[in-house]
Protein chains: 2
Amino acid sequence: MGARHEERRRQIAEALLAIIDRHGLDAVSLRDVAAEAEVSLGAVQHYFRSKDEMLLFALDYISERGTERIQRNLGQGERPPRAIVRDILAELVPADDQRRAELRIATAFTARSLVSPNLADHLRTGYAALHDVLALLIRHAQDAGEMPAALDPERTAATLFALAEGLGTHVLIGHRDPQGALAILDEHLDRLAATAR
Amino acid sequence: MGARHEERRRQIAEALLAIIDRHGLDAVSLRDVAAEAEVSLGAVQHYFRSKDEMLLFALDYISERGTERIQRNLGQGERPPRAIVRDILAELVPADDQRRAELRIATAFTARSLVSPNLADHLRTGYAALHDVLALLIRHAQDAGEMPAALDPERTAATLFALAEGLGTHVLIGHRDPQGALAILDEHLDRLAATAR
């Protein structure tokens with residue numbers, strides 16, 4: 001993809017996120033996105049032609065942004081595997097406005113995927129990939145002596161993923177604040193590290 | 001409320017749940033609900049006049065059903081507090097068709113509450129109440145020697161609630177099966193009981 005194509009794609013994605021953040025997903029039309037991004041309707045339709053495609057586009061974009069944030073952290077010197085696990089899990093907790101907007105979209109996507117098999121497939125693929133990365137990093141953390149060898153990496157990854165997912169939902173609806181949620185996550189990680197079994 | 005009023009309310013709620021389960025929330029109109037319940041539009045409007053009110057009505061109804069299921073369990077002899085904690089958390093995991101339908105609606109409600117402050121308030125009240133019940137039961141479990149006294153009841157309740165919430169989402173989207181999710185929950189409860197600190 002050329003740089004110009006990439007820039008156009010970014011421009012449309014940012015416009016879409018801004019509208020969803022202001023008005024929610026129900027109210028967004030392709031025309032609105034074109035107006036907000038100051039491009040033609042045809043330019044928008046190059047990227048998505050329906051609401052489901054629009055949502056897929058937004059989800060892919062925010063996944064990329066999340067991955068980039070994690071990779072930026074990785075770039076800052078040697079980062080131990082357990083810290084990377086924590087970085088990834090913390091991405092699921094809306095601790096700032098950008099992540100909050102992203103997780104609102106992810107929640108809309110989840111709700112919609114319950115009545116759209118196509119979206120559900122896409123979602124499951126992403127979840128399975130995230131689970132596998134977590135399980136792999138937990139194995140690295142065990143090899144590095146940061147986590148007890150007795151822990152089952154798959155089970156531990158599944159538990160951490162579900163905990164972070166639930167904390168994300170609780171912060172998003174205002175049941176808990178981001179700092180409290182991250183403290184719960186850290187306590188759970190510490191408790192795992194202290195497990196003797 | 002009279003028995004007849006209660007029966008009518010139940011009839012409309014069941015119709016609403018059936019339609020949402022078949023077609024998702026976006027597609028439901030008050031007219032559809034009236035047709036499915038075989039009552040007049042006026043009868044439906046007695047209970048809700050807008051989509052948000054409809055969702056509130058459905059959520060209240062499924063909360064009541066969940067509470068009734070838990071109370072039925074309680075009625076079966078002496079039930080230790082830790083088992084009640086487990087009953088409540090398991091309600092958040094869609095292990096059968098009824099619960100699955102209920103949790104789909106709860107997810108739609110969550111997504112919608114992100115753009116509707118009125119719904120968000122309602123949701124937060126319910127979440128806070130559930131958290132308080134869990135924290136209270138954990139204190140009882142500690143008094144009964146079922147859980148270590150060193151655990152902070154509030155923190156433990158918050159962690160268990162978030163874990164069950166996340167597991168529920170993971171089952172709902174098909175990332176995990178219900179048995180696997182309940183096994184993770186039970187393992188976490190066992191691990192808590194074994195905590196020495």
# chains A, B, ... in the order shown; residues from 1 in each chain; ligands from 1
>>> interface_residues(of="chain B", to="chain A", cutoff="6 Å", atoms="only C-alpha atoms", output="VMD selection string")
chain B and resid 24 107 to 108 111 115 124 162 to 163 165 to 167 175
>>> select_by_dssp(residues="range 44-119 of chain A", states="helix (DSSP H, G or I)", output="number ranges by chain")
A: 44-45, 51-75, 81-90, 97-113, 117-119
>>> closest_residue(among="B:Ala135, B:Asp32, B:Glu53, B:His140", to="Pro153 in chain B", atoms="only C-alpha atoms")
B:Ala135
>>> decode(residues="range 112-127 of chain B", atoms="N, CA, C and O atoms", output="PDB file, in the first residue's frame")
ATOM      1  N   ARG B 112     -25.486  -0.267  24.550  1.00  0.00           N
ATOM      2  CA  ARG B 112     -26.360   0.889  24.412  1.00  0.00           C
ATOM      3  C   ARG B 112     -26.157   1.892  25.545  1.00  0.00           C
ATOM      4  O   ARG B 112     -26.307   3.108  25.338  1.00  0.00           O
ATOM      5  N   SER B 113     -25.825   1.385  26.717  1.00  0.00           N
ATOM      6  CA  SER B 113     -25.649   2.279  27.864  1.00  0.00           C
ATOM      7  C   SER B 113     -24.453   3.220  27.666  1.00  0.00           C
ATOM      8  O   SER B 113     -24.370   4.263  28.303  1.00  0.00           O
ATOM      9  N   LEU B 114     -23.544   2.833  26.751  1.00  0.00           N
ATOM     10  CA  LEU B 114     -22.368   3.670  26.516  1.00  0.00           C
ATOM     11  C   LEU B 114     -22.733   4.975  25.820  1.00  0.00           C
ATOM     12  O   LEU B 114     -21.970   5.926  25.849  1.00  0.00           O
ATOM     13  N   VAL B 115     -23.900   5.012  25.187  1.00  0.00           N
ATOM     14  CA  VAL B 115     -24.355   6.264  24.563  1.00  0.00           C
ATOM     15  C   VAL B 115     -25.656   6.752  25.188  1.00  0.00           C
ATOM     16  O   VAL B 115     -26.260   7.697  24.690  1.00  0.00           O
ATOM     17  N   SER B 116     -26.095   6.140  26.266  1.00  0.00           N
ATOM     18  CA  SER B 116     -27.335   6.558  26.926  1.00  0.00           C
ATOM     19  C   SER B 116     -27.109   6.648  28.441  1.00  0.00           C
ATOM     20  O   SER B 116     -27.121   5.644  29.144  1.00  0.00           O
ATOM     21  N   PRO B 117     -26.886   7.878  28.956  1.00  0.00           N
ATOM     22  CA  PRO B 117     -26.571   8.060  30.382  1.00  0.00           C
ATOM     23  C   PRO B 117     -27.646   7.468  31.301  1.00  0.00           C
ATOM     24  O   PRO B 117     -27.326   6.950  32.379  1.00  0.00           O
ATOM     25  N   ASN B 118     -28.899   7.524  30.880  1.00  0.00           N
ATOM     26  CA  ASN B 118     -29.999   6.999  31.683  1.00  0.00           C
ATOM     27  C   ASN B 118     -29.849   5.487  31.902  1.00  0.00           C
ATOM     28  O   ASN B 118     -29.967   4.990  33.027  1.00  0.00           O
ATOM     29  N   LEU B 119     -29.567   4.776  30.817  1.00  0.00           N
ATOM     30  CA  LEU B 119     -29.350   3.337  30.918  1.00  0.00           C
ATOM     31  C   LEU B 119     -28.094   3.036  31.735  1.00  0.00           C
ATOM     32  O   LEU B 119     -28.065   2.089  32.518  1.00  0.00           O
ATOM     33  N   ALA B 120     -27.058   3.850  31.547  1.00  0.00           N
ATOM     34  CA  ALA B 120     -25.800   3.630  32.267  1.00  0.00           C
ATOM     35  C   ALA B 120     -26.020   3.725  33.778  1.00  0.00           C
ATOM     36  O   ALA B 120     -25.490   2.916  34.544  1.00  0.00           O
ATOM     37  N   ASP B 121     -26.827   4.688  34.216  1.00  0.00           N
ATOM     38  CA  ASP B 121     -27.134   4.832  35.650  1.00  0.00           C
ATOM     39  C   ASP B 121     -27.796   3.565  36.185  1.00  0.00           C
ATOM     40  O   ASP B 121     -27.434   3.061  37.247  1.00  0.00           O
ATOM     41  N   HIS B 122     -28.764   3.086  35.431  1.00  0.00           N
ATOM     42  CA  HIS B 122     -29.498   1.888  35.825  1.00  0.00           C
ATOM     43  C   HIS B 122     -28.539   0.700  35.953  1.00  0.00           C
ATOM     44  O   HIS B 122     -28.597  -0.066  36.914  1.00  0.00           O
ATOM     45  N   LEU B 123     -27.664   0.592  34.968  1.00  0.00           N
ATOM     46  CA  LEU B 123     -26.712  -0.521  34.938  1.00  0.00           C
ATOM     47  C   LEU B 123     -25.765  -0.459  36.130  1.00  0.00           C
ATOM     48  O   LEU B 123     -25.514  -1.464  36.800  1.00  0.00           O
ATOM     49  N   ARG B 124     -25.257   0.743  36.399  1.00  0.00           N
ATOM     50  CA  ARG B 124     -24.308   0.906  37.510  1.00  0.00           C
ATOM     51  C   ARG B 124     -24.942   0.545  38.854  1.00  0.00           C
ATOM     52  O   ARG B 124     -24.293  -0.049  39.706  1.00  0.00           O
ATOM     53  N   THR B 125     -26.202   0.918  39.022  1.00  0.00           N
ATOM     54  CA  THR B 125     -26.909   0.580  40.265  1.00  0.00           C
ATOM     55  C   THR B 125     -26.964  -0.936  40.447  1.00  0.00           C
ATOM     56  O   THR B 125     -26.696  -1.459  41.533  1.00  0.00           O
ATOM     57  N   GLY B 126     -27.297  -1.646  39.367  1.00  0.00           N
ATOM     58  CA  GLY B 126     -27.355  -3.104  39.424  1.00  0.00           C
ATOM     59  C   GLY B 126     -25.998  -3.724  39.706  1.00  0.00           C
ATOM     60  O   GLY B 126     -25.871  -4.649  40.511  1.00  0.00           O
ATOM     61  N   TYR B 127     -24.955  -3.183  39.071  1.00  0.00           N
ATOM     62  CA  TYR B 127     -23.600  -3.710  39.277  1.00  0.00           C
ATOM     63  C   TYR B 127     -23.149  -3.485  40.720  1.00  0.00           C
ATOM     64  O   TYR B 127     -22.548  -4.369  41.335  1.00  0.00           O
TER      65      TYR B 127
END
